[in-house]
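Asker: I'm passing along query_22.csv; it holds CSV, C-alpha atoms and all ligand atoms.
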```csv
chain,number,residue,atom,x,y,z
P,1,MET,CA,17.6,-14.3,5.3
P,2,THR,CA,19.0,-11.0,3.9
P,3,ASP,CA,18.3,-11.9,0.2
P,4,ARG,CA,14.5,-12.3,0.8
P,5,ILE,CA,11.8,-9.7,0.5
P,6,ARG,CA,11.6,-7.7,3.8
P,7,LEU,CA,8.6,-6.0,5.3
P,8,ASP,CA,10.3,-4.4,8.3
P,9,GLY,CA,8.3,-1.6,9.8
P,10,LYS,CA,5.2,-2.4,7.9
P,11,ILE,CA,1.8,-3.0,9.5
P,12,ALA,CA,-0.1,-5.8,7.9
P,13,LEU,CA,-3.8,-6.5,8.5
P,14,VAL,CA,-4.9,-10.1,7.5
P,15,THR,CA,-8.5,-11.3,7.4
P,16,GLY,CA,-9.4,-14.9,7.5
P,17,ALA,CA,-6.2,-15.2,9.7
P,18,ALA,CA,-7.3,-18.4,11.4
P,19,GLY,CA,-7.6,-20.2,8.1
P,20,VAL,CA,-5.0,-22.3,6.3
P,21,ILE,CA,-3.9,-19.6,3.9
P,22,GLY,CA,-4.4,-16.7,6.3
P,23,THR,CA,-2.3,-18.3,9.0
P,24,ALA,CA,0.5,-19.3,6.6
P,25,THR,CA,0.5,-15.8,5.2
P,26,MET,CA,0.5,-13.8,8.4
P,27,ARG,CA,3.3,-16.1,9.6
P,28,LEU,CA,5.5,-15.3,6.6
P,29,LEU,CA,4.7,-11.6,6.8
P,30,ALA,CA,5.7,-11.6,10.5
P,31,GLU,CA,8.9,-13.6,9.6
P,32,ARG,CA,9.7,-10.9,7.1
P,33,GLY,CA,9.4,-8.2,9.7
P,34,ALA,CA,5.8,-6.9,9.5
P,35,ARG,CA,3.7,-6.3,12.6
P,36,ILE,CA,0.4,-8.1,12.3
P,37,VAL,CA,-3.3,-7.3,12.9
P,38,ALA,CA,-5.1,-10.7,12.6
P,39,VAL,CA,-8.8,-10.7,12.0
P,40,ASP,CA,-11.2,-13.7,11.9
P,41,ARG,CA,-14.7,-14.5,12.9
P,42,GLN,CA,-13.6,-17.6,14.9
P,43,GLU,CA,-12.1,-16.3,18.1
P,44,GLY,CA,-10.6,-19.5,19.5
P,45,PRO,CA,-8.8,-20.6,16.3
P,46,LEU,CA,-7.7,-17.0,15.8
P,47,LYS,CA,-6.0,-16.9,19.2
P,48,ASP,CA,-4.3,-20.3,18.4
P,49,ALA,CA,-3.1,-19.0,15.0
P,50,VAL,CA,-1.6,-15.8,16.6
P,51,ALA,CA,-0.1,-17.9,19.4
P,52,SER,CA,1.7,-20.0,16.7
P,53,LEU,CA,3.5,-17.0,15.3
P,54,PRO,CA,7.3,-16.6,16.1
P,55,ALA,CA,7.9,-15.4,19.6
P,56,SER,CA,9.3,-12.1,18.3
P,57,ALA,CA,6.1,-11.3,16.4
P,58,ASP,CA,4.2,-8.2,17.4
P,59,ALA,CA,0.5,-9.1,16.7
P,60,LEU,CA,-3.0,-8.0,17.6
P,61,ALA,CA,-5.9,-10.4,17.3
P,62,ILE,CA,-9.4,-9.1,16.6
P,63,ALA,CA,-12.5,-11.3,16.4
P,64,ALA,CA,-14.8,-9.7,13.7
P,65,ASP,CA,-17.2,-10.7,11.0
P,66,VAL,CA,-16.1,-9.1,7.7
P,67,THR,CA,-19.8,-8.9,6.5
P,68,GLN,CA,-20.7,-6.5,9.3
P,69,GLU,CA,-19.8,-2.9,8.5
P,70,ASP,CA,-19.6,-1.8,12.1
P,71,GLU,CA,-17.2,-4.7,12.9
P,72,VAL,CA,-15.0,-3.8,9.9
P,73,ALA,CA,-14.9,-0.2,11.0
P,74,ASP,CA,-14.0,-1.4,14.5
P,75,TYR,CA,-11.1,-3.6,13.3
P,76,VAL,CA,-9.7,-0.7,11.4
P,77,ARG,CA,-10.0,1.5,14.4
P,78,ALA,CA,-8.3,-1.1,16.7
P,79,ALA,CA,-5.5,-1.5,14.2
P,80,LEU,CA,-4.9,2.3,14.1
P,81,ALA,CA,-5.1,2.6,17.9
P,82,LYS,CA,-2.4,-0.1,18.3
P,83,PHE,CA,-0.1,0.6,15.4
P,84,GLY,CA,-1.1,4.0,14.0
P,85,THR,CA,-1.4,2.9,10.4
P,86,ILE,CA,-2.1,0.0,7.9
P,87,ASP,CA,0.5,-0.5,5.2
P,88,VAL,CA,-0.6,-3.9,3.9
P,89,PHE,CA,-4.1,-5.3,3.8
P,90,TYR,CA,-4.5,-9.0,3.0
P,91,ASN,CA,-8.3,-9.1,2.4
P,92,ASN,CA,-8.6,-12.9,2.5
P,93,ALA,CA,-11.6,-14.2,4.5
P,94,GLY,CA,-13.8,-16.4,2.3
P,95,ILE,CA,-16.0,-19.4,2.3
P,96,GLU,CA,-16.7,-22.1,-0.3
P,97,GLY,CA,-20.4,-22.3,0.4
P,98,GLU,CA,-22.4,-25.4,-0.5
P,99,ILE,CA,-21.1,-27.7,-3.1
P,100,LYS,CA,-24.1,-28.3,-5.3
P,101,PRO,CA,-25.3,-27.8,-8.9
P,102,ILE,CA,-27.1,-24.5,-9.5
P,103,THR,CA,-30.5,-26.2,-9.8
P,104,ASP,CA,-30.2,-27.4,-6.2
P,105,TYR,CA,-28.5,-24.3,-4.7
P,106,PRO,CA,-30.5,-22.7,-1.9
P,107,LEU,CA,-31.0,-18.9,-2.3
P,108,GLU,CA,-29.9,-18.2,1.3
P,109,SER,CA,-26.6,-20.0,0.7
P,110,PHE,CA,-26.0,-18.1,-2.5
P,111,ARG,CA,-26.5,-14.8,-0.6
P,112,ARG,CA,-24.2,-15.9,2.2
P,113,VAL,CA,-21.4,-16.7,-0.2
P,114,LEU,CA,-21.7,-13.3,-1.9
P,115,ASP,CA,-22.0,-11.7,1.6
P,116,VAL,CA,-18.7,-13.1,2.8
P,117,ASN,CA,-16.6,-13.2,-0.4
P,118,VAL,CA,-17.8,-10.0,-2.1
P,119,ILE,CA,-19.4,-7.7,0.5
P,120,GLY,CA,-16.6,-8.7,3.0
P,121,VAL,CA,-13.9,-7.7,0.5
P,122,PHE,CA,-15.8,-4.5,-0.5
P,123,LEU,CA,-16.2,-3.4,3.2
P,124,GLY,CA,-12.6,-4.1,3.9
P,125,MET,CA,-11.4,-1.9,1.1
P,126,LYS,CA,-14.0,0.7,1.9
P,127,HIS,CA,-12.7,1.1,5.4
P,128,VAL,CA,-8.9,0.4,4.9
P,129,LEU,CA,-8.3,2.5,1.8
P,130,PRO,CA,-8.9,5.9,3.4
P,131,VAL,CA,-6.1,5.1,5.8
P,132,MET,CA,-3.7,4.3,3.0
P,133,LEU,CA,-4.9,7.2,0.8
P,134,LYS,CA,-4.1,9.6,3.6
P,135,THR,CA,-0.4,8.7,3.3
P,136,ASN,CA,-0.5,7.9,-0.4
P,137,SER,CA,1.0,4.5,0.2
P,138,GLY,CA,-0.1,1.0,0.8
P,139,SER,CA,-0.7,-2.4,-0.7
P,140,VAL,CA,-4.1,-4.2,-0.8
P,141,ILE,CA,-4.1,-7.8,-1.8
P,142,ASN,CA,-7.5,-9.5,-2.1
P,143,THR,CA,-7.9,-13.3,-2.3
P,144,ALA,CA,-9.7,-14.3,-5.4
P,145,SER,CA,-9.2,-17.8,-6.8
P,146,ILE,CA,-8.7,-19.6,-10.2
P,147,ALA,CA,-12.4,-20.1,-9.8
P,148,GLY,CA,-12.6,-16.3,-10.5
P,149,LEU,CA,-11.0,-16.9,-13.9
P,150,ILE,CA,-12.6,-20.1,-15.1
P,151,GLY,CA,-15.9,-22.0,-14.5
P,152,SER,CA,-16.1,-24.9,-12.2
P,153,PRO,CA,-19.0,-27.4,-11.6
P,154,ALA,CA,-20.8,-27.5,-8.3
P,155,ILE,CA,-19.1,-24.2,-7.2
P,156,ALA,CA,-20.8,-21.8,-9.6
P,157,VAL,CA,-21.7,-19.5,-6.8
P,158,TYR,CA,-18.2,-19.5,-5.3
P,159,SER,CA,-16.9,-19.0,-8.8
P,160,ALA,CA,-19.2,-16.0,-9.4
P,161,SER,CA,-18.1,-14.5,-6.1
P,162,LYS,CA,-14.4,-14.8,-7.0
P,163,HIS,CA,-15.0,-13.3,-10.5
P,164,ALA,CA,-16.5,-10.4,-8.6
P,165,VAL,CA,-13.4,-10.1,-6.4
P,166,ILE,CA,-11.2,-9.8,-9.6
P,167,GLY,CA,-13.6,-7.1,-11.0
P,168,LEU,CA,-13.5,-5.2,-7.7
P,169,THR,CA,-9.7,-5.4,-7.6
P,170,LYS,CA,-9.1,-4.1,-11.1
P,171,SER,CA,-11.7,-1.3,-10.7
P,172,VAL,CA,-10.4,-0.1,-7.3
P,173,ALA,CA,-6.8,-0.2,-8.6
P,174,GLN,CA,-8.0,2.4,-11.2
P,175,GLU,CA,-9.7,4.4,-8.5
P,176,CYS,CA,-6.3,4.6,-6.7
P,177,SER,CA,-4.6,6.0,-9.9
P,178,GLY,CA,-2.0,8.6,-9.1
P,179,THR,CA,-1.7,7.6,-5.5
P,180,GLY,CA,1.0,5.3,-4.1
P,181,VAL,CA,-1.7,2.8,-3.2
P,182,ARG,CA,-1.6,-0.5,-5.1
P,183,VAL,CA,-4.5,-3.0,-5.3
P,184,ASN,CA,-4.0,-6.6,-6.6
P,185,CYS,CA,-5.4,-10.0,-6.0
P,186,VAL,CA,-4.1,-13.5,-5.8
P,187,CYS,CA,-5.8,-16.4,-7.5
P,188,PRO,CA,-4.8,-19.6,-5.7
P,189,GLY,CA,-5.4,-22.9,-7.5
P,190,LEU,CA,-5.7,-26.3,-5.8
P,191,ILE,CA,-4.2,-25.7,-2.4
P,192,ASP,CA,-3.7,-28.5,0.1
P,193,SER,CA,-6.4,-27.4,2.5
P,194,ARG,CA,-9.7,-28.0,4.3
P,195,MET,CA,-11.5,-25.9,1.7
P,196,LEU,CA,-10.2,-28.0,-1.3
P,197,SER,CA,-11.1,-31.2,0.5
P,198,ALA,CA,-14.6,-29.9,1.2
P,199,ILE,CA,-15.0,-29.1,-2.5
P,200,ILE,CA,-13.7,-32.5,-3.7
P,201,ASP,CA,-15.8,-34.4,-1.1
P,202,GLY,CA,-18.9,-32.3,-1.9
P,203,ARG,CA,-18.7,-33.2,-5.6
P,204,LYS,CA,-18.7,-36.9,-4.8
P,205,PRO,CA,-21.0,-37.4,-1.9
P,206,GLY,CA,-20.9,-41.0,-0.6
P,207,ASN,CA,-18.4,-42.2,-3.2
P,208,ALA,CA,-14.9,-43.5,-2.8
P,209,PRO,CA,-12.3,-40.7,-2.5
P,210,THR,CA,-11.0,-39.3,-5.8
P,211,PRO,CA,-7.4,-40.5,-6.4
P,212,MET,CA,-4.8,-37.7,-6.1
P,213,GLU,CA,-3.6,-38.4,-9.7
P,214,ARG,CA,-7.1,-37.5,-11.0
P,215,ILE,CA,-7.2,-34.3,-8.9
P,216,VAL,CA,-3.9,-33.0,-10.2
P,217,ASP,CA,-4.3,-34.4,-13.7
P,218,ARG,CA,-4.8,-30.9,-15.3
P,219,VAL,CA,-2.1,-29.2,-13.1
P,220,PRO,CA,1.2,-28.9,-15.0
P,221,ALA,CA,3.0,-29.0,-11.6
P,222,ARG,CA,1.4,-32.4,-11.0
P,223,ARG,CA,0.8,-31.7,-7.3
P,224,LEU,CA,-1.3,-29.6,-5.0
P,225,GLY,CA,0.0,-26.2,-3.9
P,226,GLN,CA,0.9,-25.3,-0.3
P,227,ALA,CA,-0.5,-22.3,1.6
P,228,THR,CA,3.1,-21.1,2.0
P,229,GLU,CA,3.3,-20.8,-1.8
P,230,VAL,CA,0.3,-18.4,-1.8
P,231,ALA,CA,1.9,-16.6,1.2
P,232,SER,CA,5.1,-16.0,-0.9
P,233,ILE,CA,3.2,-14.1,-3.6
P,234,VAL,CA,1.3,-12.1,-1.0
P,235,ALA,CA,4.6,-11.1,0.7
P,236,PHE,CA,5.9,-10.0,-2.7
P,237,LEU,CA,2.8,-7.9,-3.5
P,238,ALA,CA,2.9,-6.5,0.0
P,239,SER,CA,6.5,-5.3,-0.5
P,240,ASP,CA,8.2,-2.4,-2.2
P,241,GLU,CA,9.6,-4.9,-4.7
P,242,ALA,CA,6.1,-4.8,-6.3
P,243,SER,CA,6.2,-1.0,-6.6
P,244,TYR,CA,5.0,-1.1,-10.3
P,245,VAL,CA,2.4,-3.9,-9.8
P,246,SER,CA,-1.3,-2.8,-9.5
P,247,GLY,CA,-4.6,-4.1,-10.9
P,248,SER,CA,-3.2,-7.6,-11.4
P,249,ALA,CA,-4.6,-11.0,-10.7
P,250,TYR,CA,-1.7,-13.3,-9.8
P,251,THR,CA,-2.3,-17.0,-10.3
P,252,VAL,CA,-0.6,-19.4,-7.9
P,253,ASP,CA,-1.9,-22.5,-9.5
P,254,GLY,CA,1.0,-24.7,-10.7
P,255,GLY,CA,0.0,-23.7,-14.3
P,256,ARG,CA,-3.6,-25.0,-14.0
P,257,THR,CA,-5.1,-22.1,-15.9
P,258,SER,CA,-2.4,-21.8,-18.5
P,259,ALA,CA,-4.0,-23.8,-21.2
P,301,LIG,N1,-7.9,-23.5,-0.1
P,301,LIG,C1,-7.9,-23.3,-1.4
P,301,LIG,O1,-7.7,-24.3,-2.2
P,301,LIG,C2,-8.2,-22.0,-2.0
P,301,LIG,C3,-8.1,-21.8,-3.4
P,301,LIG,C4,-8.4,-20.6,-4.0
P,301,LIG,C5,-8.8,-19.5,-3.2
P,301,LIG,N2,-9.0,-19.7,-1.8
P,301,LIG,C6,-9.4,-18.6,-1.0
P,301,LIG,O2,-8.4,-18.3,-0.1
P,301,LIG,C7,-9.0,-17.7,1.1
P,301,LIG,C8,-8.6,-18.5,2.3
P,301,LIG,O3,-9.0,-19.9,2.2
P,301,LIG,P1,-8.5,-21.0,3.1
P,301,LIG,O4,-8.2,-22.2,2.3
P,301,LIG,O5,-7.5,-20.5,4.1
P,301,LIG,O6,-9.9,-21.3,3.9
P,301,LIG,P2,-10.2,-21.5,5.5
P,301,LIG,O7,-11.6,-22.0,5.5
P,301,LIG,O8,-9.1,-22.4,6.1
P,301,LIG,O9,-10.0,-20.1,6.0
P,301,LIG,C9,-11.0,-19.0,5.8
P,301,LIG,C10,-11.0,-18.2,7.1
P,301,LIG,O10,-12.0,-17.1,6.9
P,301,LIG,C11,-12.7,-17.0,8.1
P,301,LIG,N3,-14.0,-16.4,7.8
P,301,LIG,C12,-15.0,-16.9,7.1
P,301,LIG,N4,-16.1,-16.1,7.1
P,301,LIG,C13,-15.7,-15.0,7.8
P,301,LIG,C14,-16.4,-13.8,8.1
P,301,LIG,N5,-17.7,-13.6,7.8
P,301,LIG,N6,-15.7,-12.9,8.9
P,301,LIG,C15,-14.4,-13.1,9.3
P,301,LIG,N7,-13.8,-14.3,9.0
P,301,LIG,C16,-14.4,-15.2,8.2
P,301,LIG,C17,-12.9,-18.4,8.6
P,301,LIG,O11,-13.2,-18.4,10.0
P,301,LIG,C18,-11.6,-19.0,8.3
P,301,LIG,O12,-10.7,-18.9,9.4
P,301,LIG,C19,-10.5,-17.7,0.8
P,301,LIG,O13,-10.9,-16.5,0.3
P,301,LIG,C20,-10.7,-18.8,-0.3
P,301,LIG,O14,-11.8,-18.6,-1.0
P,301,LIG,C21,-8.7,-20.9,-1.3
```
Represent the structure of the file as structure tokens.
Answerer:
Amino acid sequence: MTDRIRLDGKIALVTGAAGVIGTATMRLLAERGARIVAVDRQEGPLKDAVASLPASADALAIAADVTQEDEVADYVRAALAKFGTIDVFYNNAGIEGEIKPITDYPLESFRRVLDVNVIGVFLGMKHVLPVMLKTNSGSVINTASIAGLIGSPAIAVYSASKHAVIGLTKSVAQECSGTGVRVNCVCPGLIDSRMLSAIIDGRKPGNAPTPMERIVDRVPARRLGQATEVASIVAFLASDEASYVSGSAYTVDGGRTSA
């Protein structure tokens, strides 16, 4: 559609590309004209996700663990070898970790959540930003969460990691002052997804499923969000339409954090 945001000619690198939000987003970016570098730790699901893109899409799949600096450096190298640059970086891979109160939370699980959600986001920016700063243009979009804005029981560690993503985003946006590189994050709310189900089920082990009305009770939109609705905001932030947007944390939460 001609009246929609277009990303023709842009190279977009998406991490967590095999997941619900990553796949929906890389599909939308491809539909809007971007060429895609898809990164995920899970090789099989990553291949399936890339195979599900429109036939016209030009996409490279790279299996990599975002917590390993050599693998991050490798995915950046592979992207440059194939496409020559990176214009859009959707730094999205993340895990929910264990769903437990802090008093029961295993230390190694705490470290793992920080490793993927914070170190992974840090390493991505550390290695992608030099590419963008060379041309003084580019858009980084990190995935935080509304759990990065408010507290939430049984996911304190996840919440801490997403608060860190927002802090990284705002600080790095300032480090990019005076360049054409913009750094923002998205804060999805209750998105219809495996991760949300895992959190809801984890809070009520062994009990009957929580009715949907209770889950969306505090969401003014009175429904779950769809991954495609997160993708729309990422496509906007990726585009030149967002040329004056940097250092922002965009909620995509049906109003959940408005009160
Ligand atoms: N689903 C939600 O309701 C929701 C809400 C707010 C924020 N988020 C955030 O959105 C992002 C995507 O979530 P999702 O719902 O698509 O989850 P998902 O589990 O479907 O996808 C996450 C993807 O990240 C990949 N990944 C995990 N660890 C990795 C690693 N070390 N290296 C490379 N890839 C790795 C997984 O293989 C998976 O494909 C996450 O950062 C999540 O925290 C999700």
Asker: Using all atoms listed in the file, collect all residues at a distance of at most 12 Å from (-28.3, -31.1, -8.1) as written in the file, then present them as a VMD selection string.
Answerer: chain P and resid 98 to 106 153 to 155 202 to 205
Asker: Residues up to 7 Å from ligand LIG 301 (chain P), counting all atoms listed in the file: could you list those as a PyMOL selection string?
Answerer: chain P and resi 15-22+39-42+64-67+92-96+116-117+120+143-146+187-196
Asker: Each residue of range 48-152 of chain P lying at most 12 Å from range 4-12 of chain P should get a row with its shortest atom-to-atom pair and the distance in Å to one decimal, counting all atoms listed in the file; could you produce that, ordered by chain and increasing number, as a tab-separated table?
Answerer:
```
residue	atom	partner	partner_atom	distance
P:Ala57	CA	P:Asp8	CA	11.4
P:Asp58	CA	P:Ile11	CA	9.8
P:Ala59	CA	P:Ala12	CA	9.4
P:Leu60	CA	P:Ala12	CA	10.4
P:Ala61	CA	P:Ala12	CA	12.0
P:Val76	CA	P:Ala12	CA	11.4
P:Ala79	CA	P:Ile11	CA	8.8
P:Leu80	CA	P:Ile11	CA	9.7
P:Lys82	CA	P:Ile11	CA	10.2
P:Phe83	CA	P:Ile11	CA	7.2
P:Gly84	CA	P:Ile11	CA	8.8
P:Thr85	CA	P:Ile11	CA	6.8
P:Ile86	CA	P:Ile11	CA	5.2
P:Asp87	CA	P:Ile11	CA	5.1
P:Val88	CA	P:Ala12	CA	4.5
P:Phe89	CA	P:Ala12	CA	5.7
P:Tyr90	CA	P:Ala12	CA	7.3
P:Asn91	CA	P:Ala12	CA	10.4
P:Val128	CA	P:Ala12	CA	11.2
P:Val131	CA	P:Ile11	CA	11.9
P:Met132	CA	P:Ile11	CA	11.2
P:Ser137	CA	P:Lys10	CA	11.2
P:Gly138	CA	P:Lys10	CA	9.5
P:Ser139	CA	P:Ala12	CA	9.3
P:Val140	CA	P:Ala12	CA	9.7
P:Ile141	CA	P:Ala12	CA	10.7
```
Asker: Export C-alpha atoms of the chosen residues as a PDB file, in the frame of the given file?
Answerer:
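New file result39.pdb:
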```pdb
ATOM      1  CA  ALA P  57       6.100 -11.300  16.400  1.00  0.00           C
ATOM      2  CA  ASP P  58       4.200  -8.200  17.400  1.00  0.00           C
ATOM      3  CA  ALA P  59       0.500  -9.100  16.700  1.00  0.00           C
ATOM      4  CA  LEU P  60      -3.000  -8.000  17.600  1.00  0.00           C
ATOM      5  CA  ALA P  61      -5.900 -10.400  17.300  1.00  0.00           C
ATOM      6  CA  VAL P  76      -9.700  -0.700  11.400  1.00  0.00           C
ATOM      7  CA  ALA P  79      -5.500  -1.500  14.200  1.00  0.00           C
ATOM      8  CA  LEU P  80      -4.900   2.300  14.100  1.00  0.00           C
ATOM      9  CA  LYS P  82      -2.400  -0.100  18.300  1.00  0.00           C
ATOM     10  CA  PHE P  83      -0.100   0.600  15.400  1.00  0.00           C
ATOM     11  CA  GLY P  84      -1.100   4.000  14.000  1.00  0.00           C
ATOM     12  CA  THR P  85      -1.400   2.900  10.400  1.00  0.00           C
ATOM     13  CA  ILE P  86      -2.100   0.000   7.900  1.00  0.00           C
ATOM     14  CA  ASP P  87       0.500  -0.500   5.200  1.00  0.00           C
ATOM     15  CA  VAL P  88      -0.600  -3.900   3.900  1.00  0.00           C
ATOM     16  CA  PHE P  89      -4.100  -5.300   3.800  1.00  0.00           C
ATOM     17  CA  TYR P  90      -4.500  -9.000   3.000  1.00  0.00           C
ATOM     18  CA  ASN P  91      -8.300  -9.100   2.400  1.00  0.00           C
ATOM     19  CA  VAL P 128      -8.900   0.400   4.900  1.00  0.00           C
ATOM     20  CA  VAL P 131      -6.100   5.100   5.800  1.00  0.00           C
ATOM     21  CA  MET P 132      -3.700   4.300   3.000  1.00  0.00           C
ATOM     22  CA  SER P 137       1.000   4.500   0.200  1.00  0.00           C
ATOM     23  CA  GLY P 138      -0.100   1.000   0.800  1.00  0.00           C
ATOM     24  CA  SER P 139      -0.700  -2.400  -0.700  1.00  0.00           C
ATOM     25  CA  VAL P 140      -4.100  -4.200  -0.800  1.00  0.00           C
ATOM     26  CA  ILE P 141      -4.100  -7.800  -1.800  1.00  0.00           C
TER      27      ILE P 141
END
```
Asker: With all atoms listed in the file as the atoms that count, which of P:Arg27, P:Lys47, P:His127, P:Arg32 lies nearest to Ala73 in chain P?
Answerer: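 Using all atoms listed in the file, Ala73 in chain P sits closest to P:His127.
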Asker: Measure the distance from CA of Met212 in chain P to CA of Ile199 in chain P in Å and round it to one decimal.
Answerer: 13.8 Å
Asker: What does the distance from CA of Lys162 in chain P to CA of Gly148 in chain P come to in Å, to one decimal?
Answerer: 4.2 Å
Asker: In Å, how far is it from CA of Asp217 in chain P to CA of Thr257 in chain P?
Answerer: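 CA of Asp217 in chain P sits 12.5 Å away from CA of Thr257 in chain P.
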Asker: For Glu175 in chain P, which residue out of P:Ala227, P:Gly247, P:Phe122, P:Leu114 is the nearest one, using only C-alpha atoms?
Answerer: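 The shortest atom-to-atom distance to Glu175 in chain P comes from P:Gly247.
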